[in-house]
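Participant: So that you have it, the file is upload20.tsv, and it contains TSV, C-alpha atoms:
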```tsv
chain	number	residue	atom	x	y	z
A	169	MET	CA	3.09	-22.95	21.91
A	170	LYS	CA	4.27	-20.33	24.34
A	171	ILE	CA	6.07	-17.03	23.89
A	172	SER	CA	7.72	-14.73	26.41
A	173	THR	CA	10.48	-12.14	26.68
A	174	TYR	CA	13.99	-13.16	27.62
A	175	LEU	CA	16.93	-11.03	28.78
A	176	GLU	CA	20.38	-12.32	27.89
A	177	ALA	CA	22.36	-11.52	31.06
A	178	LYS	CA	25.79	-11.22	29.40
A	179	THR	CA	24.80	-8.85	26.61
A	180	GLY	CA	21.68	-7.22	28.06
A	181	MET	CA	19.89	-8.01	24.76
A	182	ILE	CA	16.12	-8.57	24.99
A	183	TYR	CA	14.71	-11.48	22.97
A	184	LEU	CA	11.32	-12.98	22.24
A	185	SER	CA	11.65	-16.56	23.46
A	186	VAL	CA	9.38	-19.05	21.66
A	187	PHE	CA	8.64	-22.55	22.99
A	188	LEU	CA	6.87	-24.77	20.45
A	189	ASN	CA	7.21	-27.97	22.46
A	190	ARG	CA	9.69	-29.45	24.93
A	191	SER	CA	12.36	-30.00	22.30
A	192	THR	CA	11.86	-26.94	20.05
A	193	ARG	CA	12.76	-23.48	21.25
A	194	PHE	CA	14.17	-20.45	19.47
A	195	MET	CA	14.74	-16.76	20.16
A	196	VAL	CA	14.19	-13.66	18.06
A	197	SER	CA	16.12	-10.50	18.92
A	198	THR	CA	13.96	-7.44	19.57
A	199	GLY	CA	16.86	-5.03	19.06
A	200	PHE	CA	16.36	-3.65	22.60
A	201	HIS	CA	18.82	-3.73	25.51
A	202	SER	CA	18.42	-3.40	29.24
A	203	GLU	CA	21.08	-2.93	31.90
A	204	LYS	CA	18.82	-4.32	34.64
A	205	LYS	CA	17.29	-7.77	34.82
A	206	PHE	CA	13.49	-7.85	34.54
A	207	TYR	CA	10.57	-10.23	34.09
A	208	GLY	CA	7.64	-9.88	31.72
A	209	THR	CA	7.60	-6.85	29.45
A	210	GLU	CA	8.22	-4.02	31.95
A	211	VAL	CA	11.71	-2.75	31.14
A	212	PRO	CA	13.10	-0.84	34.17
A	213	GLY	CA	13.20	2.91	33.53
A	214	SER	CA	11.79	2.75	29.99
A	215	CYS	CA	8.09	3.18	29.29
A	216	ALA	CA	8.72	3.31	25.54
A	217	LYS	CA	10.59	-0.02	25.47
A	218	SER	CA	7.96	-1.64	27.71
A	219	ARG	CA	5.15	-0.42	25.46
A	220	ARG	CA	6.92	-1.65	22.31
A	221	LEU	CA	7.76	-5.04	23.89
A	222	ARG	CA	4.12	-5.58	24.89
A	223	GLN	CA	3.09	-4.69	21.32
A	224	LEU	CA	5.66	-7.08	19.79
A	225	LEU	CA	4.60	-9.87	22.14
A	226	ASN	CA	0.92	-9.37	21.24
A	227	GLU	CA	1.65	-9.30	17.50
A	228	ALA	CA	3.80	-12.44	17.75
A	229	GLU	CA	1.13	-14.27	19.79
A	230	ASP	CA	-1.58	-13.26	17.29
A	231	TYR	CA	0.54	-14.50	14.37
A	232	MET	CA	1.27	-17.82	16.10
A	233	ALA	CA	-2.45	-18.32	16.89
A	234	GLU	CA	-3.32	-17.74	13.21
A	235	HIS	CA	-0.57	-20.10	11.94
A	236	PRO	CA	-0.51	-23.05	14.37
A	237	ARG	CA	0.96	-25.51	11.82
A	238	GLU	CA	3.81	-23.37	10.56
A	239	LYS	CA	7.22	-25.04	10.64
A	240	PRO	CA	9.72	-23.67	13.21
A	241	GLY	CA	12.10	-22.27	10.57
A	242	GLU	CA	9.31	-20.41	8.77
A	243	LEU	CA	7.81	-19.22	12.06
A	244	LYS	CA	11.14	-17.79	13.22
A	245	LYS	CA	11.61	-16.01	9.88
A	246	HIS	CA	8.10	-14.51	10.03
A	247	LEU	CA	8.41	-13.42	13.68
A	248	LYS	CA	11.66	-11.67	12.73
A	249	VAL	CA	9.77	-9.79	9.99
A	250	ILE	CA	7.12	-8.77	12.57
A	251	VAL	CA	9.80	-7.52	15.00
A	252	GLU	CA	11.52	-5.53	12.24
A	253	GLY	CA	8.22	-3.97	11.17
A	254	GLY	CA	8.09	-5.60	7.75
A	255	VAL	CA	5.17	-7.11	5.88
A	256	ILE	CA	4.81	-10.89	5.63
A	257	GLU	CA	4.06	-11.91	2.08
A	258	PRO	CA	1.35	-14.57	1.84
A	259	PRO	CA	2.63	-17.98	0.69
A	260	GLN	CA	2.52	-18.69	-3.02
A	261	PHE	CA	0.52	-21.64	-4.29
A	262	ALA	CA	3.74	-23.16	-5.66
A	263	ASP	CA	5.06	-23.27	-2.05
A	264	TYR	CA	2.12	-25.47	-1.05
A	265	MET	CA	2.66	-27.64	-4.12
A	266	ARG	CA	6.33	-28.00	-3.25
A	267	GLU	CA	5.56	-29.02	0.33
A	268	TYR	CA	2.89	-31.50	-0.76
A	269	GLY	CA	5.10	-33.02	-3.47
A	270	GLU	CA	8.12	-33.40	-1.18
A	271	ASN	CA	6.01	-35.55	1.15
A	272	ALA	CA	4.91	-37.95	-1.62
A	273	LYS	CA	5.75	-41.60	-0.99
A	274	THR	CA	7.41	-42.49	-4.29
A	275	ALA	CA	10.22	-40.84	-6.22
A	276	GLY	CA	8.10	-40.84	-9.41
A	277	THR	CA	5.29	-38.91	-7.72
A	278	ARG	CA	7.76	-36.44	-6.23
A	279	GLU	CA	9.22	-35.89	-9.70
A	280	THR	CA	5.74	-35.34	-11.20
A	281	TYR	CA	4.95	-32.70	-8.58
A	282	SER	CA	8.33	-31.08	-9.11
A	283	ARG	CA	7.54	-30.69	-12.83
A	284	ALA	CA	4.04	-29.39	-12.00
A	285	VAL	CA	5.53	-26.79	-9.62
A	286	ALA	CA	7.91	-25.66	-12.36
A	287	LYS	CA	4.97	-25.16	-14.74
A	288	VAL	CA	2.96	-23.16	-12.16
A	289	ASP	CA	6.07	-21.05	-11.43
A	290	GLN	CA	6.53	-20.36	-15.15
A	291	PHE	CA	2.87	-19.50	-15.68
A	292	ASP	CA	2.12	-17.38	-12.58
A	293	PRO	CA	5.02	-17.25	-10.11
A	294	LYS	CA	3.29	-14.91	-7.62
A	295	CYS	CA	-0.12	-16.59	-7.45
A	296	GLY	CA	-1.54	-17.40	-4.03
A	297	LEU	CA	-4.64	-19.27	-2.93
A	298	ALA	CA	-6.78	-16.17	-3.42
A	299	ASP	CA	-5.69	-15.87	-7.08
A	300	ILE	CA	-6.78	-19.32	-8.22
A	301	ASP	CA	-10.30	-19.50	-9.57
A	302	ARG	CA	-12.05	-21.00	-12.59
A	303	ARG	CA	-10.61	-18.36	-14.94
A	304	TRP	CA	-7.09	-19.05	-13.63
A	305	LEU	CA	-7.57	-22.78	-14.33
A	306	ASP	CA	-8.84	-22.03	-17.85
A	307	ARG	CA	-5.87	-19.74	-18.54
A	308	PHE	CA	-3.39	-22.26	-17.10
A	309	THR	CA	-4.91	-25.02	-19.28
A	310	ALA	CA	-4.65	-22.85	-22.41
A	311	TRP	CA	-1.07	-21.87	-21.53
A	312	LEU	CA	-0.03	-25.51	-21.10
A	313	ARG	CA	-1.55	-26.38	-24.49
A	314	ASP	CA	0.16	-23.37	-26.11
A	315	ASP	CA	3.40	-24.72	-24.62
A	316	GLY	CA	2.92	-27.77	-26.84
A	317	LEU	CA	1.66	-30.23	-24.23
A	318	ARG	CA	-0.93	-32.88	-25.10
A	319	ASP	CA	-4.17	-33.18	-23.13
A	320	ASN	CA	-3.03	-36.13	-21.02
A	321	THR	CA	0.07	-34.23	-19.85
A	322	VAL	CA	-2.08	-31.16	-19.18
A	323	SER	CA	-4.40	-33.44	-17.20
A	324	ILE	CA	-1.52	-34.68	-15.01
A	325	TYR	CA	-0.52	-31.11	-14.06
A	326	LEU	CA	-4.11	-30.07	-13.38
A	327	ARG	CA	-4.68	-33.15	-11.20
A	328	CYS	CA	-1.57	-32.17	-9.22
A	329	VAL	CA	-3.03	-28.69	-8.71
A	330	ARG	CA	-6.38	-30.20	-7.66
A	331	SER	CA	-4.76	-32.63	-5.18
A	332	VAL	CA	-2.82	-29.80	-3.54
A	333	TRP	CA	-5.98	-27.68	-3.45
A	334	ASN	CA	-7.88	-30.48	-1.68
A	335	TRP	CA	-4.99	-30.76	0.80
A	336	CYS	CA	-5.18	-26.99	1.44
A	337	ILE	CA	-8.90	-27.39	2.19
A	338	ASP	CA	-8.13	-30.24	4.61
A	339	GLU	CA	-5.50	-28.04	6.30
A	340	GLY	CA	-8.06	-25.26	6.77
A	341	LEU	CA	-6.19	-22.86	4.49
A	342	THR	CA	-9.19	-22.22	2.23
A	343	ASP	CA	-12.82	-23.22	1.85
A	344	ARG	CA	-13.18	-22.27	-1.82
A	345	TYR	CA	-13.25	-24.94	-4.53
A	346	PRO	CA	-12.40	-23.58	-8.02
A	347	PHE	CA	-12.67	-27.04	-9.59
A	348	HIS	CA	-16.46	-27.07	-9.26
A	349	ARG	CA	-17.77	-27.79	-12.78
A	350	PHE	CA	-14.23	-27.50	-14.20
A	351	LYS	CA	-13.51	-30.39	-16.56
A	352	ILE	CA	-9.94	-31.66	-16.59
A	353	PRO	CA	-9.12	-32.58	-20.21
A	354	HIS	CA	-8.50	-36.19	-21.07
A	355	GLU	CA	-7.47	-37.74	-24.36
A	356	LYS	CA	-8.13	-41.39	-25.04
A	357	THR	CA	-4.84	-43.00	-25.99
A	358	ARG	CA	-4.66	-45.26	-29.03
A	359	HIS	CA	-3.89	-48.89	-28.19
A	360	ARG	CA	-0.46	-49.70	-29.49
A	361	ALA	CA	-0.55	-53.46	-28.94
A	362	LEU	CA	-0.56	-55.50	-32.17
A	363	THR	CA	-3.00	-58.31	-32.86
A	364	MET	CA	-1.67	-61.72	-33.86
A	365	ASP	CA	-2.61	-60.94	-37.48
```
Is it possible to give me this structure as structure tokens?
Facilitator:
Amino acid sequence: MKISTYLEAKTGMIYLSVFLNRSTRFMVSTGFHSEKKFYGTEVPGSCAKSRRLRQLLNEAEDYMAEHPREKPGELKKHLKVIVEGGVIEPPQFADYMREYGENAKTAGTRETYSRAVAKVDQFDPKCGLADIDRRWLDRFTAWLRDDGLRDNTVSIYLRCVRSVWNWCIDEGLTDRYPFHRFKIPHEKTRHRALTMD
């Protein structure tokens, strides 16, 4: 990944130009203009613009270093927030579940994760990785049961949450493991097959 400033000659608009690889490049407008062509971050005749451009470039580089696996669309959106001086909200756990479920191999598994995401969104729509601990799992389990779900259905949703959590650990997003000593409920199903008699 590489980032630099770019001056659009026709409009005089100054952009942050981001190169992710040979085929992926995008630009984020800084909102600054310059009448003269320049290289780097030294805007001719403007110390204030030069100082702010250097700051924006440093903040963008820091963000990209901290989020090396972020998708181009998300990265562009977040760099725009940085340029505009906003605050980037941390991803919600449901976002990770959605991403994980969308990459499942079979349609049935994708559907299961889609239902699990809906349940997490209903229970705690704003929860992030930092919010999920043993108490959260206990409350989520109780909420699912109060919603009328049997233990085996509750188990399916909790196993989805655990699989996504393990994936987050593998991706280096967290090193905590709230499932330590947490027992996922399981109900033995009655055999429905009839004997010959």
Participant: Emit as JSON the padded axis-aligned box for all listed atoms of stretch 294-299 of chain A, 6 Å per side, with centre and edge lengths in Å to one decimal.
Facilitator:
```
{"center_x": -1.7, "center_y": -17.1, "center_z": -5.3, "size_x": 22.1, "size_y": 16.4, "size_z": 16.7}
```
Participant: Please provide as a ChimeraX atom specification all residues within 10 Å of A:Asp289, with the sequence filter that same-chain residues fewer than 5 positions apart are discarded (counting all atoms listed in the file).
Facilitator: /A:260-263,283-284,294-295
Participant: Okay, now the selection with C-alpha atoms, as a PDB file, in the frame of the given file?
Facilitator:
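Saved result, result-v3.pdb, follows:
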```
ATOM      1  CA  GLN A 260       2.520 -18.690  -3.020  1.00  0.00           C
ATOM      2  CA  PHE A 261       0.520 -21.640  -4.290  1.00  0.00           C
ATOM      3  CA  ALA A 262       3.740 -23.160  -5.660  1.00  0.00           C
ATOM      4  CA  ASP A 263       5.060 -23.270  -2.050  1.00  0.00           C
ATOM      5  CA  ARG A 283       7.540 -30.690 -12.830  1.00  0.00           C
ATOM      6  CA  ALA A 284       4.040 -29.390 -12.000  1.00  0.00           C
ATOM      7  CA  LYS A 294       3.290 -14.910  -7.620  1.00  0.00           C
ATOM      8  CA  CYS A 295      -0.120 -16.590  -7.450  1.00  0.00           C
TER       9      CYS A 295
END
```
Participant: So which residues fall inside 10 Å of (-2.6, -29.2, -13.7) if we count only C-alpha atoms? Mind giving them as a ChimeraX atom specification?
Facilitator: /A:281,284-285,287-288,305,308-309,312,321-331,352-353
Participant: Those same residues, written as a PDB file, in the coordinates of the input with C-alpha atoms?
Facilitator:
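Writing the result to selection-v1.pdb gives the following:
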```
ATOM      1  CA  TYR A 281       4.950 -32.700  -8.580  1.00  0.00           C
ATOM      2  CA  ALA A 284       4.040 -29.390 -12.000  1.00  0.00           C
ATOM      3  CA  VAL A 285       5.530 -26.790  -9.620  1.00  0.00           C
ATOM      4  CA  LYS A 287       4.970 -25.160 -14.740  1.00  0.00           C
ATOM      5  CA  VAL A 288       2.960 -23.160 -12.160  1.00  0.00           C
ATOM      6  CA  LEU A 305      -7.570 -22.780 -14.330  1.00  0.00           C
ATOM      7  CA  PHE A 308      -3.390 -22.260 -17.100  1.00  0.00           C
ATOM      8  CA  THR A 309      -4.910 -25.020 -19.280  1.00  0.00           C
ATOM      9  CA  LEU A 312      -0.030 -25.510 -21.100  1.00  0.00           C
ATOM     10  CA  THR A 321       0.070 -34.230 -19.850  1.00  0.00           C
ATOM     11  CA  VAL A 322      -2.080 -31.160 -19.180  1.00  0.00           C
ATOM     12  CA  SER A 323      -4.400 -33.440 -17.200  1.00  0.00           C
ATOM     13  CA  ILE A 324      -1.520 -34.680 -15.010  1.00  0.00           C
ATOM     14  CA  TYR A 325      -0.520 -31.110 -14.060  1.00  0.00           C
ATOM     15  CA  LEU A 326      -4.110 -30.070 -13.380  1.00  0.00           C
ATOM     16  CA  ARG A 327      -4.680 -33.150 -11.200  1.00  0.00           C
ATOM     17  CA  CYS A 328      -1.570 -32.170  -9.220  1.00  0.00           C
ATOM     18  CA  VAL A 329      -3.030 -28.690  -8.710  1.00  0.00           C
ATOM     19  CA  ARG A 330      -6.380 -30.200  -7.660  1.00  0.00           C
ATOM     20  CA  SER A 331      -4.760 -32.630  -5.180  1.00  0.00           C
ATOM     21  CA  ILE A 352      -9.940 -31.660 -16.590  1.00  0.00           C
ATOM     22  CA  PRO A 353      -9.120 -32.580 -20.210  1.00  0.00           C
TER      23      PRO A 353
END
```
Participant: So how many Å separate atom CA of A:Glu242 and atom CA of A:Tyr268, to one decimal?
Facilitator: 16.0 Å
Participant: Got a sec: who's within 9 Å of stretch 335-351 of chain A, counting all atoms listed in the file, leaving out chain neighbours fewer than 6 positions off, as a PyMOL selection string?
Facilitator: chain A and resi 237+264+268+297-298+300-306
Participant: Generate a file of the selected residues that holds C-alpha atoms, formatted as a PDB file, in the frame of the given file.
Facilitator:
```pdb
ATOM      1  CA  ARG A 237       0.960 -25.510  11.820  1.00  0.00           C
ATOM      2  CA  TYR A 264       2.120 -25.470  -1.050  1.00  0.00           C
ATOM      3  CA  TYR A 268       2.890 -31.500  -0.760  1.00  0.00           C
ATOM      4  CA  LEU A 297      -4.640 -19.270  -2.930  1.00  0.00           C
ATOM      5  CA  ALA A 298      -6.780 -16.170  -3.420  1.00  0.00           C
ATOM      6  CA  ILE A 300      -6.780 -19.320  -8.220  1.00  0.00           C
ATOM      7  CA  ASP A 301     -10.300 -19.500  -9.570  1.00  0.00           C
ATOM      8  CA  ARG A 302     -12.050 -21.000 -12.590  1.00  0.00           C
ATOM      9  CA  ARG A 303     -10.610 -18.360 -14.940  1.00  0.00           C
ATOM     10  CA  TRP A 304      -7.090 -19.050 -13.630  1.00  0.00           C
ATOM     11  CA  LEU A 305      -7.570 -22.780 -14.330  1.00  0.00           C
ATOM     12  CA  ASP A 306      -8.840 -22.030 -17.850  1.00  0.00           C
TER      13      ASP A 306
END
```
Participant: Rounded to one decimal in Å, what is the spacing between atom CA of A:Met181 and atom CA of A:His201?
Facilitator: 4.5 Å
Participant: Between atom CA of A:Phe200 and atom CA of A:Glu257, what distance in Å does the model show, to one decimal?
Facilitator: 25.3 Å
Participant: Here is a test: counting only C-alpha atoms, which residue of A:Glu279, A:Glu203, A:Glu229, A:Glu270 is nearest to A:Val332?
Facilitator: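 So, comparing all the options, the nearest one is A:Glu270.
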Participant: Pick from A:Glu238, A:Asp315, A:Glu355, A:Glu267: nearest to A:Leu188, with all atoms listed in the file counted?
Facilitator: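 Ranked by minimum distance to A:Leu188, first place goes to A:Glu238.
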Participant: When you count all atoms listed in the file, which of these residues is closest to A:Ser218: A:Met232, A:Ser185, A:Thr198, A:Ala272?
Facilitator: A:Thr198
